[in-house]
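K.L.:
Got a file for you: target_35.cif, mmCIF, C-alpha atoms.
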```cif
data_structure
#
loop_
_atom_site.group_PDB
_atom_site.id
_atom_site.type_symbol
_atom_site.label_atom_id
_atom_site.label_comp_id
_atom_site.auth_asym_id
_atom_site.auth_seq_id
_atom_site.Cartn_x
_atom_site.Cartn_y
_atom_site.Cartn_z
ATOM 1 C CA MET A 1 -57.481 170.364 164.978
ATOM 2 C CA LYS A 2 -59.768 172.535 162.909
ATOM 3 C CA LEU A 3 -59.871 173.685 159.331
ATOM 4 C CA TYR A 4 -59.205 177.402 158.913
ATOM 5 C CA GLU A 5 -58.784 179.961 156.183
ATOM 6 C CA THR A 6 -56.440 182.823 156.894
ATOM 7 C CA THR A 7 -56.120 185.802 154.588
ATOM 8 C CA VAL A 8 -53.375 188.334 155.166
ATOM 9 C CA ILE A 9 -52.911 191.657 153.411
ATOM 10 C CA PHE A 10 -49.272 192.703 153.371
ATOM 11 C CA ASP A 11 -47.801 196.081 152.617
ATOM 12 C CA PRO A 12 -47.631 196.465 148.821
ATOM 13 C CA GLY A 13 -44.109 197.866 149.193
ATOM 14 C CA LEU A 14 -42.642 194.518 150.244
ATOM 15 C CA GLU A 15 -40.497 192.800 147.654
ATOM 16 C CA GLU A 16 -41.239 189.267 146.589
ATOM 17 C CA ALA A 17 -38.522 187.777 148.791
ATOM 18 C CA ARG A 18 -39.845 189.572 151.859
ATOM 19 C CA VAL A 19 -43.368 188.365 151.153
ATOM 20 C CA ASN A 20 -42.097 184.805 150.866
ATOM 21 C CA GLU A 21 -40.365 185.264 154.184
ATOM 22 C CA GLU A 22 -43.578 186.516 155.783
ATOM 23 C CA VAL A 23 -45.555 183.625 154.359
ATOM 24 C CA GLU A 24 -42.960 181.288 155.812
ATOM 25 C CA ARG A 25 -43.539 182.933 159.172
ATOM 26 C CA VAL A 26 -47.209 182.043 158.903
ATOM 27 C CA THR A 27 -46.841 178.486 157.658
ATOM 28 C CA GLN A 28 -43.959 177.384 159.848
ATOM 29 C CA PRO A 29 -45.706 177.721 163.232
ATOM 30 C CA ILE A 30 -48.660 175.784 161.842
ATOM 31 C CA ALA A 31 -46.471 172.821 160.975
ATOM 32 C CA GLN A 32 -44.658 173.167 164.290
ATOM 33 C CA ALA A 33 -47.876 173.049 166.267
ATOM 34 C CA GLY A 34 -48.779 169.789 164.610
ATOM 35 C CA GLY A 35 -51.077 171.370 162.058
ATOM 36 C CA GLU A 36 -51.051 171.066 158.345
ATOM 37 C CA VAL A 37 -50.836 173.689 155.619
ATOM 38 C CA ILE A 38 -53.242 172.584 152.950
ATOM 39 C CA GLU A 39 -52.954 175.341 150.409
ATOM 40 C CA VAL A 40 -51.220 178.680 149.966
ATOM 41 C CA GLN A 41 -52.820 180.999 147.454
ATOM 42 C CA ARG A 42 -51.086 184.172 146.377
ATOM 43 C CA TRP A 43 -53.571 186.613 144.993
ATOM 44 C CA GLY A 44 -50.811 189.120 144.360
ATOM 45 C CA LYS A 45 -51.188 192.861 144.465
ATOM 46 C CA ARG A 46 -54.788 193.995 144.531
ATOM 47 C CA LYS A 47 -56.512 197.309 144.819
ATOM 48 C CA LEU A 48 -58.080 197.844 148.233
ATOM 49 C CA ALA A 49 -61.724 198.888 148.390
ATOM 50 C CA TYR A 50 -60.692 201.614 150.828
ATOM 51 C CA MET A 51 -57.426 202.960 152.138
ATOM 52 C CA ILE A 52 -55.723 201.097 154.967
ATOM 53 C CA ARG A 53 -52.870 202.926 156.637
ATOM 54 C CA LYS A 54 -52.698 205.286 153.660
ATOM 55 C CA ARG A 55 -52.148 202.396 151.259
ATOM 56 C CA ARG A 56 -54.342 201.901 148.221
ATOM 57 C CA ASP A 57 -53.060 198.431 147.320
ATOM 58 C CA GLY A 58 -52.162 195.336 149.227
ATOM 59 C CA THR A 59 -50.447 192.013 148.618
ATOM 60 C CA TYR A 60 -52.950 189.283 149.410
ATOM 61 C CA VAL A 61 -52.023 185.829 150.628
ATOM 62 C CA HIS A 62 -54.634 183.214 151.430
ATOM 63 C CA VAL A 63 -53.739 180.109 153.437
ATOM 64 C CA LYS A 64 -55.916 177.093 154.049
ATOM 65 C CA HIS A 65 -54.729 175.101 157.027
ATOM 66 C CA LYS A 66 -55.531 172.668 159.773
ATOM 67 C CA SER A 67 -54.440 174.035 163.111
ATOM 68 C CA PRO A 68 -55.056 173.617 166.805
ATOM 69 C CA PRO A 69 -57.453 176.387 167.930
ATOM 70 C CA GLU A 70 -54.943 177.767 170.440
ATOM 71 C CA LEU A 71 -52.617 178.690 167.609
ATOM 72 C CA ILE A 72 -55.153 181.067 166.083
ATOM 73 C CA ALA A 73 -54.965 183.450 169.033
ATOM 74 C CA GLU A 74 -51.193 183.443 168.842
ATOM 75 C CA MET A 75 -51.300 184.004 165.099
ATOM 76 C CA ASP A 76 -53.644 186.938 165.597
ATOM 77 C CA ARG A 77 -51.305 188.444 168.168
ATOM 78 C CA ARG A 78 -48.336 188.159 165.833
ATOM 79 C CA PHE A 79 -50.188 189.694 162.910
ATOM 80 C CA ARG A 80 -51.170 192.653 165.028
ATOM 81 C CA LEU A 81 -47.578 193.220 166.071
ATOM 82 C CA ASN A 82 -46.280 192.825 162.541
ATOM 83 C CA GLU A 83 -45.939 196.229 160.890
ATOM 84 C CA SER A 84 -45.999 194.870 157.348
ATOM 85 C CA VAL A 85 -49.407 193.287 157.838
ATOM 86 C CA LEU A 86 -52.122 195.723 156.836
ATOM 87 C CA ARG A 87 -55.035 193.440 157.628
ATOM 88 C CA HIS A 88 -55.683 189.818 158.480
ATOM 89 C CA LEU A 89 -58.683 187.562 158.854
ATOM 90 C CA THR A 90 -58.978 183.962 159.982
ATOM 91 C CA VAL A 91 -62.259 182.141 159.612
ATOM 92 C CA LEU A 92 -63.361 178.568 160.044
ATOM 93 C CA ALA A 93 -63.374 176.981 156.622
ATOM 94 C CA VAL A 94 -66.576 175.310 155.600
ATOM 95 C CA LYS A 95 -66.270 171.709 154.682
ATOM 96 C CA GLU A 96 -67.616 170.873 151.276
ATOM 97 C CA SER A 97 -71.213 169.823 151.635
ATOM 98 C CA ARG A 98 -72.084 166.240 150.869
ATOM 99 C CA LYS A 99 -74.003 167.266 147.785
ATOM 100 C CA THR A 100 -71.074 169.109 146.178
ATOM 101 C CA LEU A 101 -68.688 166.341 147.172
ATOM 102 C CA ALA A 102 -70.946 163.765 145.571
ATOM 103 C CA ALA A 103 -71.175 165.871 142.431
ATOM 104 C CA ALA A 104 -67.392 166.249 142.251
ATOM 105 C CA GLU A 105 -66.956 162.543 142.798
ATOM 106 C CA ALA A 106 -69.430 161.691 140.106
ATOM 107 C CA ALA A 107 -67.656 164.028 137.696
ATOM 108 C CA ALA A 108 -64.303 162.462 138.537
ATOM 109 C CA ARG A 109 -65.705 159.005 138.062
ATOM 110 C CA ALA A 110 -67.207 159.928 134.719
ATOM 111 C CA ALA A 111 -63.869 161.383 133.597
ATOM 112 C CA GLU A 112 -62.065 158.242 134.688
ATOM 113 C CA GLU A 113 -64.484 155.995 132.896
ATOM 114 C CA GLY A 114 -64.094 158.099 129.805
ATOM 115 C CA ALA A 115 -60.329 157.649 129.984
ATOM 116 C CA GLU A 116 -60.595 153.916 130.508
ATOM 117 C CA ARG A 117 -62.836 153.425 127.548
ATOM 118 C CA PRO A 118 -61.578 155.833 124.932
ATOM 119 C CA ILE A 119 -63.712 154.264 122.207
ATOM 120 C CA ALA A 120 -66.911 154.705 124.174
ATOM 121 C CA ALA A 121 -65.891 158.255 125.064
ATOM 122 C CA ALA A 122 -65.155 159.025 121.449
ATOM 123 C CA ALA A 123 -68.459 157.537 120.363
ATOM 124 C CA ALA A 124 -70.409 159.572 122.883
ATOM 125 C CA PRO A 125 -71.251 163.062 121.604
ATOM 126 C CA ALA A 126 -69.161 165.926 122.990
ATOM 127 C CA GLY A 127 -70.729 167.578 125.993
ATOM 128 C CA ALA A 128 -71.944 164.311 127.453
ATOM 129 C CA GLU A 129 -69.371 164.598 130.199
ATOM 130 C CA MET B 130 -89.356 196.629 137.657
ATOM 131 C CA ALA B 131 -92.675 198.402 138.162
ATOM 132 C CA ARG B 132 -92.413 201.938 139.419
ATOM 133 C CA GLU B 133 -94.848 203.677 141.767
ATOM 134 C CA GLY B 134 -97.586 205.520 139.911
ATOM 135 C CA GLU B 135 -97.290 203.510 136.776
ATOM 136 C CA ALA B 136 -99.529 200.641 135.906
ATOM 137 C CA ARG B 137 -97.705 197.939 137.801
ATOM 138 C CA SER B 138 -96.892 194.706 136.212
ATOM 139 C CA PHE B 139 -96.677 192.252 139.015
ATOM 140 C CA ARG B 140 -93.848 189.860 138.738
ATOM 141 C CA ARG B 141 -92.971 187.613 141.561
ATOM 142 C CA LYS B 142 -89.449 188.088 142.872
ATOM 143 C CA PHE B 143 -87.366 185.021 143.232
ATOM 144 C CA CYS B 144 -84.112 184.234 144.922
ATOM 145 C CA LYS B 145 -81.458 184.428 142.233
ATOM 146 C CA LEU B 146 -79.075 182.353 144.295
ATOM 147 C CA CYS B 147 -81.597 179.550 144.640
ATOM 148 C CA PHE B 148 -82.222 179.808 140.922
ATOM 149 C CA ASP B 149 -78.512 179.367 140.239
ATOM 150 C CA LYS B 150 -78.435 176.558 142.801
ATOM 151 C CA VAL B 151 -75.692 178.252 144.808
ATOM 152 C CA GLU B 152 -74.827 176.079 147.772
ATOM 153 C CA ARG B 153 -72.671 178.478 149.657
ATOM 154 C CA ILE B 154 -71.734 182.056 149.008
ATOM 155 C CA ASP B 155 -68.083 182.798 149.569
ATOM 156 C CA TYR B 156 -66.659 185.988 151.058
ATOM 157 C CA LYS B 157 -63.759 185.797 148.589
ATOM 158 C CA ASP B 158 -66.132 185.949 145.643
ATOM 159 C CA ASP B 159 -66.356 189.753 145.566
ATOM 160 C CA ARG B 160 -67.575 189.816 141.965
ATOM 161 C CA ARG B 161 -70.714 187.961 142.927
ATOM 162 C CA LEU B 162 -71.175 189.939 146.129
ATOM 163 C CA THR B 163 -71.128 193.306 144.369
ATOM 164 C CA ARG B 164 -74.506 192.373 142.941
ATOM 165 C CA PHE B 165 -75.902 192.482 146.456
ATOM 166 C CA ILE B 166 -74.598 195.835 147.589
ATOM 167 C CA THR B 167 -75.810 199.267 146.563
ATOM 168 C CA ASP B 168 -73.540 201.825 144.936
ATOM 169 C CA ARG B 169 -73.051 203.285 148.394
ATOM 170 C CA GLY B 170 -71.825 199.946 149.602
ATOM 171 C CA LYS B 171 -74.905 199.017 151.621
ATOM 172 C CA ILE B 172 -76.243 195.485 151.649
ATOM 173 C CA VAL B 173 -79.389 195.287 149.505
ATOM 174 C CA PRO B 174 -82.396 194.306 151.649
ATOM 175 C CA ARG B 175 -84.343 191.165 150.897
ATOM 176 C CA ARG B 176 -87.452 193.129 150.042
ATOM 177 C CA ILE B 177 -85.579 194.661 147.114
ATOM 178 C CA SER B 178 -83.434 191.809 145.913
ATOM 179 C CA GLY B 179 -85.929 189.046 146.615
ATOM 180 C CA THR B 180 -83.291 186.761 148.105
ATOM 181 C CA CYS B 181 -84.461 183.957 150.356
ATOM 182 C CA ALA B 182 -83.702 184.047 154.081
ATOM 183 C CA ARG B 183 -80.998 181.427 153.894
ATOM 184 C CA HIS B 184 -79.086 183.095 151.139
ATOM 185 C CA GLN B 185 -79.573 186.581 152.576
ATOM 186 C CA ALA B 186 -77.950 185.420 155.815
ATOM 187 C CA GLN B 187 -75.044 184.034 153.836
ATOM 188 C CA ILE B 188 -74.720 187.239 151.823
ATOM 189 C CA THR B 189 -74.682 189.327 154.986
ATOM 190 C CA GLU B 190 -71.904 187.305 156.529
ATOM 191 C CA ALA B 191 -69.900 187.164 153.325
ATOM 192 C CA VAL B 192 -70.190 190.908 152.675
ATOM 193 C CA LYS B 193 -69.058 191.716 156.206
ATOM 194 C CA ARG B 194 -66.038 189.476 155.872
ATOM 195 C CA ALA B 195 -65.207 190.869 152.453
ATOM 196 C CA ARG B 196 -65.332 194.368 153.912
ATOM 197 C CA ILE B 197 -62.752 193.479 156.522
ATOM 198 C CA LEU B 198 -60.442 192.300 153.765
ATOM 199 C CA ALA B 199 -61.053 195.473 151.756
ATOM 200 C CA LEU B 200 -62.535 193.457 148.916
ATOM 201 C CA LEU B 201 -65.710 195.479 149.295
ATOM 202 C CA PRO B 202 -66.129 199.024 150.636
ATOM 203 C CA PHE B 203 -67.772 199.833 153.954
ATOM 204 C CA THR B 204 -68.969 202.979 152.238
ATOM 205 C CA SER B 205 -68.392 204.611 148.923
ATOM 206 C CA GLU B 206 -65.798 207.340 149.269
ATOM 207 C CA GLN B 207 -67.361 209.825 146.906
ATOM 208 C CA TYR B 208 -70.377 210.258 149.164
ATOM 209 C CA ARG B 209 -68.410 211.049 152.262
#
```
Rewrite the structure of this file - the entire thing - as structure tokens.

P.N.:
Amino acid sequence: MKLYETTVIFDPGLEEARVNEEVERVTQPIAQAGGEVIEVQRWGKRKLAYMIRKRRDGTYVHVKHKSPPELIAEMDRRFRLNESVLRHLTVLAVKESRKTLAAAEAAARAAEEGAERPIAAAAAPAGAE
Amino acid sequence: MAREGEARSFRRKFCKLCFDKVERIDYKDDRRLTRFITDRGKIVPRRISGTCARHQAQITEAVKRARILALLPFTSEQYR
């Protein structure tokens, strides 16, 4: 199981319901193959930097997921057959480096401490967090 | 920056990404990446931008991915 990021650009002409349906078609096989959908980001309609199939806009959907590597090839095949997909890209997601993780953890801890001791937090000048 | 022919003021270039302590440059961050492409859409070489090797490699990969997703242009249309 590996961590991936898949971005799909759908035809801007698709209605909301159809887009949801397409997203379902991406996420369902992942769950079925024993993977895990971590996050689905909808960037909405965006202007394309260049025309793709005579379209100037595209509906972007970004999915973070854990999947078996074999599924990626199958996903790629399906995207290529799907007429409403203008473009797709799957890359290996980078794990957060230890430094950033440590920083995030420290920030979370500081926030928690602040919540536990409201008096101390109030006494400390703003911006100390 | 100093131009050819003028009295040059030497100023050492530095990697702006190192300066900002950027850990990893993301292909989805097209706003940041536009600073590293020319108005024709080319990737700015290290000798111009002063980026360090590590960050330049990351920029290159990120720009190429962003181009696939049409977040950045392969080339500017008006020049074609």

K.L.:
What gap, in Å, lies between CA of Arg77 (chain A) and CA of Val26 (chain A)?

P.N.:
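Here the two named atoms are 12.0 Å from each other.
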
K.L.:
Using only C-alpha atoms, I'd like a table of the residues in chain A that come within 8 Å of chain B; for each, show the closest atom pair and its distance in Å rounded to one decimal, ordered by chain and ascending number, as CSV.

P.N.:
```
residue,atom,partner,partner_atom,distance
A:Thr7,CA,B:Leu198,CA,7.8
A:Ile9,CA,B:Leu198,CA,7.6
A:Leu48,CA,B:Ala199,CA,5.2
A:Ala49,CA,B:Ala199,CA,4.8
A:Tyr50,CA,B:Pro202,CA,6.0
A:Arg87,CA,B:Leu198,CA,6.7
A:His88,CA,B:Leu198,CA,7.1
A:Leu89,CA,B:Leu198,CA,7.2
```

K.L.:
I need the residue set behind the PyMOL selection byres ((chain B and resi 181-186) around 12) for this file; please write it as a VMD selection string.

P.N.:
chain B and resid 142 to 155 162 165 to 166 172 to 180 187 to 193

K.L.:
Every residue with an atom at most 10 Å from (-53.1, 189.8, 153.3) (file coordinates; only C-alpha atoms) is what I'm after, so could you write them as a list in words?

P.N.:
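Answer for this query, in the requested form: Thr6, Thr7, Val8, Ile9, Phe10, Asp11, Pro12, Val23, Arg42, Trp43, Gly44, Lys45, Arg46, Gly58, Thr59, Tyr60, Val61, His62, Val63, Ser84, Val85, Leu86, Arg87, His88 and Leu89 of chain A; Leu198 and Ala199 of chain B.
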
K.L.:
With distances taken over only C-alpha atoms, which of A:Lys47, A:Lys64, A:Arg25, A:Lys95 is nearest to Glu5 (chain A)?

P.N.:
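Among A:Lys47, A:Lys64, A:Arg25, A:Lys95, it is A:Lys64 that comes nearest to Glu5 (chain A).
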
K.L.:
Quick one: residues within 12 Å of Leu71 (chain A), all atoms listed in the file, excluding same-chain residues fewer than 6 positions away - as a list in words?

P.N.:
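The residues that qualify are Met1, Lys2, Tyr4, Val26, Thr27, Gln28, Pro29, Ile30, Ala31, Gln32, Ala33, Gly34, Gly35, His65, Arg77, Arg78 and Thr90 of chain A.
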